[in-house]
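Student: One structure is given below, represented as structure tokens, and several questions about it will come after.
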Amino acid sequence: MTRRDPAERALSDVLDRVAVTAAEVGPRFPLFADPDTGRWTTTGRGAWTGGFWAGLLWLRSLRTGDPADRAAASACTARLAPWVEADTATRGLILWYGTALAQGDSLAGELRGRAAQACLDAVHPQLALVPWGSAFGGPRLLARADAVPGMVPLLARAGPRGAAAAASHLHRHVELCLGTGALVPSWRYEEDAGWQACDDPPSGWSRGRAWLLLAVADALLYPDTAQREPGLETAARALAPRADTSASLVPPADEARPEGPLDTSAAAITAVALLKLARRPGPRAAEFSDRGAEILDRLVTAHVTGPGGIRPAGMLLDGCYDAVRGTAPRHELVWGDFFLALGLAALTGLVDIRNV
């Protein structure tokens with residue numbers, strides 16, 4: 001049996017789950033689902049995860065070729081439009097991943113262009129980044145690891161100024177988050193004291209490393225951005241997990257609590273980042289490819305529900321929304337589903353991972 005065969009079956013289960021979810025949530029956006037019942041907690045506007053739901057709908061439409069699935073994906077993408085002017089760096093997550101798979105959809109293309117320009121206009125001239133923003137409350141002038149993925153390719157496609165902004169946005173975050181040697185995923189800027197490390201999310205936050213690796217991988221796929229930031233190869237080496245049998249394929253949600261909940265969503269993000277890195281020629285390309293596929297295989301075989309059970313098939317369980325606050329600690333997470341589906345779609349040839 002080839003690697004493609006189980007990946008095809010798993011992708012079918014995950015995207016069939018998308019259809020079940022769409023019928024359940026209607027015009028709302030799924031956020032996380034109860035691991036025992038499969039019932040979703042939803043949001044009305046999508047929050048920072050809305051683009052992943054739109055992305056899942058686009059993946060389903062690419063898989064089925066059904067005009068009704070395409071229409072559903074397009075309609076969901078249209079509901080992301082209010083986020084274009086929102087003061088948040090998570091516009092990268094929302095408006096890149098919500099539009100990148102919308103092949104030939106003029107509305108999505110127009111929305112992506114508007115979002116890129118809005119984010120370019122939001123670059124802080126002194127800090128050389130798009131600030132975290134005020135849309136979700138708290139301090140506005142933050143630099144966080146989850147402010148970089150999506151933002152890099154979104155800005156990079158906004159012409160020469162966009163490529164320069166993408167490089168400076170990524171450079172500042174890599175410089176801060178990796179500058180101390182250990183990963184520090186969140187920083188606050190104070191006028192009188194400069195950049196100060198934050199303790200929330202904690203330094204052991206699983207998705208901090210995964211999000212930053214994904215952003216670095218994206219930048220390395222854009223020559224204009226990579227040429228402006230020569231330290232990206234070093235950052236990729238520091239962030240990427242090595243193909244070591246002692247390394248965990250699915251990390252704990254907090255490295256400081258190895259006995260605590262896992263985070264399959266961080267594993268899925270990491271797998272996609274590795275598959276992207278594998279598309280660049282180099283001595284570790286084959287290692288990146290094998291490790292990414294190995295992570296996806298572990299997720300499919302050990303953490304995805306199968307057909308014939310009490311729970312719906314195609315649920316990626318054991319995702320942890322927030323370990324510190326105990327929010328959804330072993331749940332199905334919409335972004336975990338998205339990155340799992342995207343990785344499987346890359347393995348099966350449904351999508352070119354370099355373009356998403």
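Just remember, in the structure tokens the first chain shown is A, the second B, etc., residues are 1-based per chain, and ligands are 1-based in the order shown.
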Tell me, counting only C-alpha atoms, for each residue of stretch 302-355 of chain A within 12 Å of stretch 59-66 of chain A, which pair of atoms is nearest and how far apart they are in Å to one decimal, in rows ordered by chain and increasing number, as CSV.
Tutor:
residue,atom,partner,partner_atom,distance
A:Asp337,CA,A:Leu59,CA,11.2
A:Phe338,CA,A:Leu59,CA,8.8
A:Phe339,CA,A:Leu59,CA,10.8
A:Leu340,CA,A:Leu59,CA,11.3
A:Ala341,CA,A:Leu59,CA,7.8
A:Leu342,CA,A:Leu59,CA,7.7
A:Gly343,CA,A:Leu59,CA,11.1
A:Leu344,CA,A:Leu59,CA,10.6
A:Ala345,CA,A:Leu59,CA,8.0
A:Ala346,CA,A:Leu59,CA,10.9
A:Thr348,CA,A:Arg63,CA,10.7
A:Gly349,CA,A:Arg63,CA,10.6
A:Leu350,CA,A:Arg63,CA,7.2
A:Val351,CA,A:Leu62,CA,8.6
A:Asp352,CA,A:Leu59,CA,11.9
Student: If you run DSSP over the backbone, which residues in stretch 103-207 of chain A end up helix (DSSP H, G or I)? Put them as number ranges by chain.
Tutor: A: 106-121, 145-147, 151-156, 159-178, 206-207
Student: Would you mind exporting C-alpha atoms of the selected residues as a PDB file, in the first residue's frame?
Tutor:
ATOM      1  CA  SER A 106     -13.236  36.885  -8.282  1.00  0.00           C
ATOM      2  CA  LEU A 107     -14.818  37.891  -4.971  1.00  0.00           C
ATOM      3  CA  ALA A 108     -12.139  36.064  -2.991  1.00  0.00           C
ATOM      4  CA  GLY A 109      -9.390  37.562  -5.126  1.00  0.00           C
ATOM      5  CA  GLU A 110     -10.756  41.069  -4.608  1.00  0.00           C
ATOM      6  CA  LEU A 111     -11.086  40.458  -0.868  1.00  0.00           C
ATOM      7  CA  ARG A 112      -7.507  39.198  -0.635  1.00  0.00           C
ATOM      8  CA  GLY A 113      -6.248  42.282  -2.477  1.00  0.00           C
ATOM      9  CA  ARG A 114      -8.138  44.651  -0.185  1.00  0.00           C
ATOM     10  CA  ALA A 115      -6.863  42.785   2.864  1.00  0.00           C
ATOM     11  CA  ALA A 116      -3.265  42.957   1.674  1.00  0.00           C
ATOM     12  CA  GLN A 117      -3.510  46.707   1.154  1.00  0.00           C
ATOM     13  CA  ALA A 118      -5.194  47.235   4.529  1.00  0.00           C
ATOM     14  CA  CYS A 119      -2.461  45.266   6.293  1.00  0.00           C
ATOM     15  CA  LEU A 120       0.212  47.161   4.376  1.00  0.00           C
ATOM     16  CA  ASP A 121      -1.362  50.422   5.531  1.00  0.00           C
ATOM     17  CA  ALA A 145       4.058  34.276  16.901  1.00  0.00           C
ATOM     18  CA  ASP A 146       0.477  33.780  15.672  1.00  0.00           C
ATOM     19  CA  ALA A 147       0.555  37.240  14.062  1.00  0.00           C
ATOM     20  CA  MET A 151       0.391  37.706   7.057  1.00  0.00           C
ATOM     21  CA  VAL A 152       3.658  36.898   5.263  1.00  0.00           C
ATOM     22  CA  PRO A 153       2.103  35.551   2.021  1.00  0.00           C
ATOM     23  CA  LEU A 154      -0.713  38.113   2.197  1.00  0.00           C
ATOM     24  CA  LEU A 155       1.724  41.031   2.277  1.00  0.00           C
ATOM     25  CA  ALA A 156       4.206  39.377  -0.090  1.00  0.00           C
ATOM     26  CA  GLY A 159       3.894  44.291  -4.811  1.00  0.00           C
ATOM     27  CA  PRO A 160       7.423  45.419  -3.884  1.00  0.00           C
ATOM     28  CA  ARG A 161       6.258  47.407  -0.841  1.00  0.00           C
ATOM     29  CA  GLY A 162       4.304  44.387   0.319  1.00  0.00           C
ATOM     30  CA  ALA A 163       7.328  42.094  -0.038  1.00  0.00           C
ATOM     31  CA  ALA A 164       9.417  44.533   2.004  1.00  0.00           C
ATOM     32  CA  ALA A 165       6.692  44.737   4.665  1.00  0.00           C
ATOM     33  CA  ALA A 166       6.382  40.938   4.787  1.00  0.00           C
ATOM     34  CA  ALA A 167      10.132  40.627   5.325  1.00  0.00           C
ATOM     35  CA  SER A 168      10.251  43.285   8.057  1.00  0.00           C
ATOM     36  CA  HIS A 169       7.163  41.878   9.811  1.00  0.00           C
ATOM     37  CA  LEU A 170       8.693  38.400   9.870  1.00  0.00           C
ATOM     38  CA  HIS A 171      12.174  39.646  10.773  1.00  0.00           C
ATOM     39  CA  ARG A 172      10.913  41.538  13.815  1.00  0.00           C
ATOM     40  CA  HIS A 173       8.943  38.543  15.082  1.00  0.00           C
ATOM     41  CA  VAL A 174      11.798  36.071  14.532  1.00  0.00           C
ATOM     42  CA  GLU A 175      14.234  38.497  16.158  1.00  0.00           C
ATOM     43  CA  LEU A 176      12.011  38.814  19.225  1.00  0.00           C
ATOM     44  CA  CYS A 177      10.611  35.301  19.533  1.00  0.00           C
ATOM     45  CA  LEU A 178      13.939  33.506  18.963  1.00  0.00           C
ATOM     46  CA  SER A 206       3.112  24.350  21.317  1.00  0.00           C
ATOM     47  CA  ARG A 207       1.614  26.510  18.586  1.00  0.00           C
TER      48      ARG A 207
END
Student: List the neighbours of A:Trp48 out to 8 Å using only C-alpha atoms; skip same-chain residues closer than 5 positions along the sequence, and give me the result as a VMD selection string.
Tutor: chain A and resid 90 to 91 93 to 94
Student: Selected residues, all heavy atoms, written as a CSV table (one decimal), in the first residue's frame, please.
Tutor:
chain,number,residue,atom,x,y,z
A,90,THR,N,-4.2,39.1,13.1
A,90,THR,CA,-4.8,37.8,12.7
A,90,THR,C,-5.5,37.9,11.4
A,90,THR,O,-6.0,36.9,10.9
A,90,THR,CB,-5.7,37.2,13.8
A,90,THR,OG1,-6.8,38.1,14.0
A,90,THR,CG2,-5.0,37.1,15.1
A,91,ARG,N,-5.6,39.1,10.8
A,91,ARG,CA,-6.1,39.2,9.4
A,91,ARG,C,-5.3,38.3,8.5
A,91,ARG,O,-5.8,37.9,7.4
A,91,ARG,CB,-6.1,40.6,8.9
A,91,ARG,CG,-7.2,41.5,9.5
A,91,ARG,CD,-7.1,42.9,9.0
A,91,ARG,NE,-6.0,43.6,9.6
A,91,ARG,CZ,-5.8,44.9,9.5
A,91,ARG,NH1,-6.6,45.7,8.7
A,91,ARG,NH2,-4.8,45.5,10.1
A,93,LEU,N,-4.2,35.2,9.2
A,93,LEU,CA,-4.9,33.9,9.3
A,93,LEU,C,-6.2,33.9,8.7
A,93,LEU,O,-6.6,32.9,8.0
A,93,LEU,CB,-5.0,33.6,10.8
A,93,LEU,CG,-3.7,33.4,11.6
A,93,LEU,CD1,-4.0,33.1,13.1
A,93,LEU,CD2,-2.8,32.3,11.1
A,94,ILE,N,-7.0,35.0,8.9
A,94,ILE,CA,-8.4,35.0,8.4
A,94,ILE,C,-8.5,35.1,6.9
A,94,ILE,O,-9.2,34.4,6.2
A,94,ILE,CB,-9.1,36.2,9.1
A,94,ILE,CG1,-9.2,36.0,10.6
A,94,ILE,CG2,-10.6,36.3,8.6
A,94,ILE,CD1,-9.6,37.3,11.4
Student: Extract, using only C-alpha atoms, all DNA, RNA and protein residues at most 12 Å from A:Tyr189, discarding same-chain residues fewer than 2 positions from it, and format them as a list in words.
Tutor: His124, Gln126, Leu127, Leu129, Pro131, Trp132, Gly133, Pro139, Arg140, Leu141, Leu142, Ala143, Arg144, Leu176, Ser186, Trp187, Glu191, Asp192, Ala193, Gly194, Trp195, Gln196, Ala197 and Cys198 of chain A
